[in-house]
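The structure file start_17.cif is reproduced below (mmCIF, N, CA and C atoms).
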```cif
data_final
#
loop_
_atom_site.label_atom_id
_atom_site.label_comp_id
_atom_site.auth_asym_id
_atom_site.auth_seq_id
_atom_site.Cartn_x
_atom_site.Cartn_y
_atom_site.Cartn_z
N MET A 1 -11.06 13.55 38.47
CA MET A 1 -10.43 13.21 37.21
C MET A 1 -11.52 12.77 36.22
N ALA A 2 -11.41 13.23 35.00
CA ALA A 2 -12.39 12.91 33.97
C ALA A 2 -12.21 11.47 33.50
N SER A 3 -13.32 10.84 33.17
CA SER A 3 -13.25 9.48 32.65
C SER A 3 -12.75 9.51 31.22
N LEU A 4 -12.29 8.36 30.76
CA LEU A 4 -11.81 8.27 29.38
C LEU A 4 -12.94 8.55 28.40
N ALA A 5 -14.15 8.08 28.73
CA ALA A 5 -15.31 8.33 27.86
C ALA A 5 -15.57 9.83 27.74
N HIS A 6 -15.49 10.54 28.84
CA HIS A 6 -15.70 11.98 28.83
C HIS A 6 -14.62 12.66 27.99
N CYS A 7 -13.38 12.23 28.13
CA CYS A 7 -12.28 12.81 27.36
C CYS A 7 -12.48 12.57 25.86
N VAL A 8 -12.93 11.37 25.50
CA VAL A 8 -13.18 11.07 24.09
C VAL A 8 -14.25 12.01 23.55
N ASP A 9 -15.33 12.20 24.31
CA ASP A 9 -16.39 13.11 23.90
C ASP A 9 -15.88 14.54 23.76
N LEU A 10 -15.09 14.96 24.72
CA LEU A 10 -14.59 16.33 24.75
C LEU A 10 -13.66 16.65 23.60
N HIS A 11 -12.82 15.68 23.23
CA HIS A 11 -11.76 15.95 22.26
C HIS A 11 -12.04 15.43 20.86
N LYS A 12 -13.30 15.13 20.56
CA LYS A 12 -13.63 14.65 19.22
C LYS A 12 -13.21 15.65 18.15
N THR A 13 -13.31 16.93 18.46
CA THR A 13 -12.93 17.95 17.48
C THR A 13 -11.43 18.15 17.40
N SER A 14 -10.68 17.56 18.32
CA SER A 14 -9.23 17.71 18.33
C SER A 14 -8.55 16.79 17.32
N PHE A 15 -9.28 15.72 16.91
CA PHE A 15 -8.69 14.78 15.97
C PHE A 15 -8.94 15.27 14.54
N PRO A 16 -7.99 15.01 13.65
CA PRO A 16 -8.24 15.31 12.24
C PRO A 16 -9.42 14.46 11.74
N LYS A 17 -10.10 14.94 10.72
CA LYS A 17 -11.29 14.25 10.20
C LYS A 17 -10.98 12.80 9.83
N GLU A 18 -9.86 12.58 9.17
CA GLU A 18 -9.49 11.23 8.73
C GLU A 18 -9.30 10.29 9.92
N GLU A 19 -8.70 10.81 10.99
CA GLU A 19 -8.47 10.01 12.19
C GLU A 19 -9.79 9.65 12.87
N MET A 20 -10.73 10.60 12.93
CA MET A 20 -12.03 10.31 13.54
C MET A 20 -12.79 9.27 12.72
N VAL A 21 -12.69 9.34 11.39
CA VAL A 21 -13.35 8.35 10.54
C VAL A 21 -12.76 6.97 10.83
N ALA A 22 -11.45 6.90 10.94
CA ALA A 22 -10.79 5.62 11.24
C ALA A 22 -11.17 5.11 12.62
N LEU A 23 -11.21 6.00 13.62
CA LEU A 23 -11.59 5.61 14.98
C LEU A 23 -13.02 5.09 15.01
N ARG A 24 -13.93 5.80 14.36
CA ARG A 24 -15.34 5.38 14.34
C ARG A 24 -15.49 4.03 13.64
N SER A 25 -14.80 3.88 12.53
CA SER A 25 -14.88 2.64 11.77
C SER A 25 -14.36 1.47 12.61
N GLU A 26 -13.22 1.66 13.22
CA GLU A 26 -12.63 0.62 14.06
C GLU A 26 -13.51 0.29 15.26
N SER A 27 -14.08 1.33 15.88
CA SER A 27 -14.93 1.09 17.05
C SER A 27 -16.24 0.42 16.66
N ARG A 28 -16.81 0.77 15.50
CA ARG A 28 -18.04 0.11 15.04
C ARG A 28 -17.80 -1.37 14.80
N LYS A 29 -16.67 -1.66 14.15
CA LYS A 29 -16.32 -3.06 13.88
C LYS A 29 -16.16 -3.83 15.19
N LEU A 30 -15.46 -3.24 16.15
CA LEU A 30 -15.25 -3.88 17.46
C LEU A 30 -16.58 -4.07 18.19
N ALA A 31 -17.45 -3.06 18.13
CA ALA A 31 -18.75 -3.14 18.79
C ALA A 31 -19.59 -4.29 18.22
N MET A 32 -19.56 -4.46 16.91
CA MET A 32 -20.32 -5.55 16.30
C MET A 32 -19.71 -6.91 16.64
N GLU A 33 -18.38 -6.99 16.63
CA GLU A 33 -17.72 -8.26 16.94
C GLU A 33 -17.97 -8.70 18.39
N LYS A 34 -17.83 -7.76 19.32
CA LYS A 34 -17.95 -8.09 20.74
C LYS A 34 -19.36 -7.87 21.29
N LYS A 35 -20.26 -7.34 20.44
CA LYS A 35 -21.63 -7.05 20.85
C LYS A 35 -21.67 -6.16 22.10
N ILE A 36 -20.95 -5.04 21.99
CA ILE A 36 -20.92 -4.05 23.07
C ILE A 36 -21.40 -2.71 22.53
N LYS A 37 -21.61 -1.77 23.43
CA LYS A 37 -22.06 -0.44 23.02
C LYS A 37 -20.95 0.26 22.22
N PRO A 38 -21.34 1.07 21.23
CA PRO A 38 -20.33 1.78 20.44
C PRO A 38 -19.40 2.66 21.27
N LYS A 39 -19.95 3.29 22.31
CA LYS A 39 -19.11 4.16 23.14
C LYS A 39 -18.05 3.34 23.89
N GLU A 40 -18.43 2.16 24.37
CA GLU A 40 -17.47 1.28 25.05
C GLU A 40 -16.40 0.82 24.06
N ALA A 41 -16.81 0.54 22.84
CA ALA A 41 -15.86 0.13 21.81
C ALA A 41 -14.87 1.27 21.52
N MET A 42 -15.39 2.51 21.46
CA MET A 42 -14.52 3.66 21.21
C MET A 42 -13.50 3.80 22.33
N ILE A 43 -13.94 3.57 23.56
CA ILE A 43 -13.03 3.66 24.71
C ILE A 43 -11.94 2.59 24.59
N GLN A 44 -12.31 1.37 24.21
CA GLN A 44 -11.32 0.31 24.05
C GLN A 44 -10.33 0.64 22.95
N VAL A 45 -10.83 1.18 21.85
CA VAL A 45 -9.95 1.57 20.74
C VAL A 45 -9.00 2.67 21.20
N ALA A 46 -9.52 3.65 21.93
CA ALA A 46 -8.68 4.74 22.42
C ALA A 46 -7.61 4.20 23.36
N ARG A 47 -7.97 3.28 24.24
CA ARG A 47 -6.99 2.68 25.15
C ARG A 47 -5.91 1.94 24.39
N SER A 48 -6.29 1.22 23.35
CA SER A 48 -5.29 0.49 22.58
C SER A 48 -4.36 1.45 21.84
N ARG A 49 -4.92 2.57 21.33
CA ARG A 49 -4.08 3.57 20.67
C ARG A 49 -3.11 4.21 21.67
N ILE A 50 -3.59 4.47 22.89
CA ILE A 50 -2.73 5.04 23.92
C ILE A 50 -1.59 4.08 24.23
N ALA A 51 -1.91 2.80 24.37
CA ALA A 51 -0.89 1.80 24.67
C ALA A 51 0.14 1.70 23.54
N GLU A 52 -0.33 1.72 22.29
CA GLU A 52 0.58 1.67 21.14
C GLU A 52 1.50 2.89 21.13
N THR A 53 0.94 4.04 21.42
CA THR A 53 1.72 5.27 21.44
C THR A 53 2.77 5.22 22.55
N GLN A 54 2.39 4.68 23.71
CA GLN A 54 3.33 4.59 24.83
C GLN A 54 4.50 3.66 24.48
N VAL A 55 4.22 2.57 23.79
CA VAL A 55 5.28 1.64 23.38
C VAL A 55 6.26 2.36 22.46
N GLU A 56 5.73 3.10 21.48
CA GLU A 56 6.59 3.84 20.56
C GLU A 56 7.41 4.90 21.31
N TYR A 57 6.78 5.61 22.23
CA TYR A 57 7.46 6.61 23.03
C TYR A 57 8.62 5.98 23.81
N ASN A 58 8.36 4.84 24.42
CA ASN A 58 9.40 4.16 25.20
C ASN A 58 10.59 3.75 24.33
N LYS A 59 10.31 3.31 23.10
CA LYS A 59 11.38 2.95 22.18
C LYS A 59 12.24 4.18 21.86
N ILE A 60 11.57 5.28 21.55
CA ILE A 60 12.28 6.52 21.20
C ILE A 60 13.07 7.02 22.40
N ALA A 61 12.47 6.99 23.58
CA ALA A 61 13.16 7.44 24.79
C ALA A 61 14.39 6.59 25.05
N GLY A 62 14.30 5.29 24.82
CA GLY A 62 15.45 4.40 25.00
C GLY A 62 16.58 4.74 24.06
N VAL A 63 16.25 5.01 22.80
CA VAL A 63 17.27 5.37 21.81
C VAL A 63 17.93 6.69 22.19
N VAL A 64 17.14 7.68 22.62
CA VAL A 64 17.69 8.98 23.00
C VAL A 64 18.60 8.83 24.22
N LYS A 65 18.16 8.07 25.22
CA LYS A 65 19.00 7.86 26.41
C LYS A 65 20.31 7.19 26.04
N GLU A 66 20.24 6.21 25.17
CA GLU A 66 21.45 5.48 24.76
C GLU A 66 22.37 6.41 23.96
N HIS A 67 21.80 7.18 23.07
CA HIS A 67 22.60 8.06 22.20
C HIS A 67 23.31 9.14 23.03
N TYR A 68 22.60 9.73 23.97
CA TYR A 68 23.18 10.81 24.75
C TYR A 68 23.78 10.33 26.07
N LYS A 69 23.77 9.01 26.28
CA LYS A 69 24.36 8.41 27.49
C LYS A 69 23.77 9.04 28.76
N ILE A 70 22.46 9.16 28.81
CA ILE A 70 21.77 9.74 29.95
C ILE A 70 21.67 8.68 31.04
N PRO A 71 22.23 8.94 32.22
CA PRO A 71 22.17 7.93 33.29
C PRO A 71 20.78 7.87 33.91
N GLU A 72 20.42 6.68 34.42
CA GLU A 72 19.15 6.53 35.12
C GLU A 72 19.25 7.22 36.46
N LYS A 73 18.16 7.86 36.87
CA LYS A 73 18.17 8.57 38.16
C LYS A 73 17.76 7.63 39.25
#
```
Rewritten as structure tokens:
Amino acid sequence: MASLAHCVDLHKTSFPKEEMVALRSESRKLAMEKKIKPKEAMIQVARSRIAETQVEYNKIAGVVKEHYKIPEK
């Protein structure tokens, strides 16, 4: 399984330009605050984005299940 760092490197071109600028800016700020390597900061930012996305997904999935009365398996 590929590491998160490797995935970030691999998919840099998959993000829109504006998103990459925001990710780099956020990771640079985090790296300076925590005095860590920029790549480690990028990984932390990516993990936080993944967690935020998962929370939103869970909310949407809950609404869909409730709306369509989908029973738990």
Worksheet item: Expanded to explicit residues, what is the PyMOL selection byres (((chain A and resi 40-49 and name CA) around 7) and name CA) for this file, as a ChimeraX atom specification?
Response: /A:4-5,27,30-31,36-39,50-53
Practice prompt. Please measure the separation of atom C of A:Ile70 and atom N of A:Tyr57, giving the value in Å to one decimal.
Written response: 17.6 Å
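Atom CA of A:Gln54 to atom CA of A:Ala22 spans 19.6 Å [interatomic distance, one decimal].
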Incomplete stretch 62-73 of chain A filled out to all heavy atoms as a tab-separated table (two decimals), keeping the file's coordinate frame:
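Written output follows (selection22.tsv):
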```
chain	number	residue	atom	x	y	z
A	62	GLY	N	14.30	5.29	24.82
A	62	GLY	CA	15.45	4.40	25.00
A	62	GLY	C	16.58	4.74	24.06
A	62	GLY	O	17.75	4.77	24.45
A	63	VAL	N	16.25	5.01	22.80
A	63	VAL	CA	17.27	5.37	21.81
A	63	VAL	C	17.93	6.69	22.19
A	63	VAL	O	19.16	6.82	22.13
A	63	VAL	CB	16.64	5.46	20.40
A	63	VAL	CG1	17.60	6.09	19.41
A	63	VAL	CG2	16.21	4.08	19.93
A	64	VAL	N	17.14	7.68	22.62
A	64	VAL	CA	17.69	8.98	23.00
A	64	VAL	C	18.60	8.83	24.22
A	64	VAL	O	19.70	9.38	24.25
A	64	VAL	CB	16.55	10.00	23.29
A	64	VAL	CG1	17.09	11.26	23.94
A	64	VAL	CG2	15.82	10.33	22.00
A	65	LYS	N	18.16	8.07	25.22
A	65	LYS	CA	19.00	7.86	26.41
A	65	LYS	C	20.31	7.19	26.04
A	65	LYS	O	21.37	7.56	26.54
A	65	LYS	CB	18.26	7.01	27.44
A	65	LYS	CG	17.21	7.75	28.20
A	65	LYS	CD	16.54	6.84	29.21
A	65	LYS	CE	15.44	7.56	29.95
A	65	LYS	NZ	14.76	6.68	30.91
A	66	GLU	N	20.24	6.21	25.17
A	66	GLU	CA	21.45	5.48	24.76
A	66	GLU	C	22.37	6.41	23.96
A	66	GLU	O	23.58	6.43	24.18
A	66	GLU	CB	21.07	4.27	23.92
A	66	GLU	CG	22.23	3.44	23.46
A	66	GLU	CD	23.02	2.80	24.58
A	66	GLU	OE1	22.42	2.50	25.64
A	66	GLU	OE2	24.23	2.60	24.41
A	67	HIS	N	21.80	7.18	23.07
A	67	HIS	CA	22.60	8.06	22.20
A	67	HIS	C	23.31	9.14	23.03
A	67	HIS	O	24.47	9.44	22.78
A	67	HIS	CB	21.70	8.71	21.16
A	67	HIS	CG	22.44	9.63	20.23
A	67	HIS	ND1	23.28	9.17	19.25
A	67	HIS	CD2	22.48	10.99	20.17
A	67	HIS	CE1	23.80	10.20	18.61
A	67	HIS	NE2	23.33	11.32	19.14
A	68	TYR	N	22.60	9.73	23.97
A	68	TYR	CA	23.18	10.81	24.75
A	68	TYR	C	23.78	10.33	26.07
A	68	TYR	O	24.21	11.14	26.88
A	68	TYR	CB	22.13	11.90	25.01
A	68	TYR	CG	21.79	12.67	23.77
A	68	TYR	CD1	20.59	12.46	23.12
A	68	TYR	CD2	22.68	13.57	23.22
A	68	TYR	CE1	20.27	13.15	21.97
A	68	TYR	CE2	22.39	14.26	22.06
A	68	TYR	CZ	21.17	14.05	21.44
A	68	TYR	OH	20.86	14.73	20.29
A	69	LYS	N	23.77	9.01	26.28
A	69	LYS	CA	24.36	8.41	27.49
A	69	LYS	C	23.77	9.04	28.76
A	69	LYS	O	24.48	9.43	29.67
A	69	LYS	CB	25.87	8.53	27.50
A	69	LYS	CG	26.55	8.06	26.24
A	69	LYS	CD	26.73	6.57	26.23
A	69	LYS	CE	27.62	6.12	25.09
A	69	LYS	NZ	26.97	5.64	23.94
A	70	ILE	N	22.46	9.16	28.81
A	70	ILE	CA	21.77	9.74	29.95
A	70	ILE	C	21.67	8.68	31.04
A	70	ILE	O	21.09	7.61	30.82
A	70	ILE	CB	20.36	10.24	29.58
A	70	ILE	CG1	20.48	11.33	28.50
A	70	ILE	CG2	19.62	10.76	30.79
A	70	ILE	CD1	19.16	11.73	27.88
A	71	PRO	N	22.23	8.94	32.22
A	71	PRO	CA	22.17	7.93	33.29
A	71	PRO	C	20.78	7.87	33.91
A	71	PRO	O	20.03	8.84	33.91
A	71	PRO	CB	23.18	8.45	34.32
A	71	PRO	CG	23.22	9.92	34.08
A	71	PRO	CD	22.96	10.12	32.61
A	72	GLU	N	20.42	6.68	34.42
A	72	GLU	CA	19.15	6.53	35.12
A	72	GLU	C	19.25	7.22	36.46
A	72	GLU	O	20.27	7.17	37.13
A	72	GLU	CB	18.83	5.04	35.34
A	72	GLU	CG	18.55	4.28	34.06
A	72	GLU	CD	17.25	4.72	33.40
A	72	GLU	OE1	16.30	5.03	34.13
A	72	GLU	OE2	17.21	4.72	32.17
A	73	LYS	N	18.16	7.86	36.87
A	73	LYS	CA	18.17	8.57	38.16
A	73	LYS	C	17.76	7.63	39.25
A	73	LYS	O	16.97	6.80	39.15
A	73	LYS	CB	17.22	9.76	38.13
A	73	LYS	CG	17.76	10.88	37.27
A	73	LYS	CD	16.84	12.08	37.35
A	73	LYS	CE	17.40	13.21	36.49
A	73	LYS	NZ	16.58	14.38	36.55
```
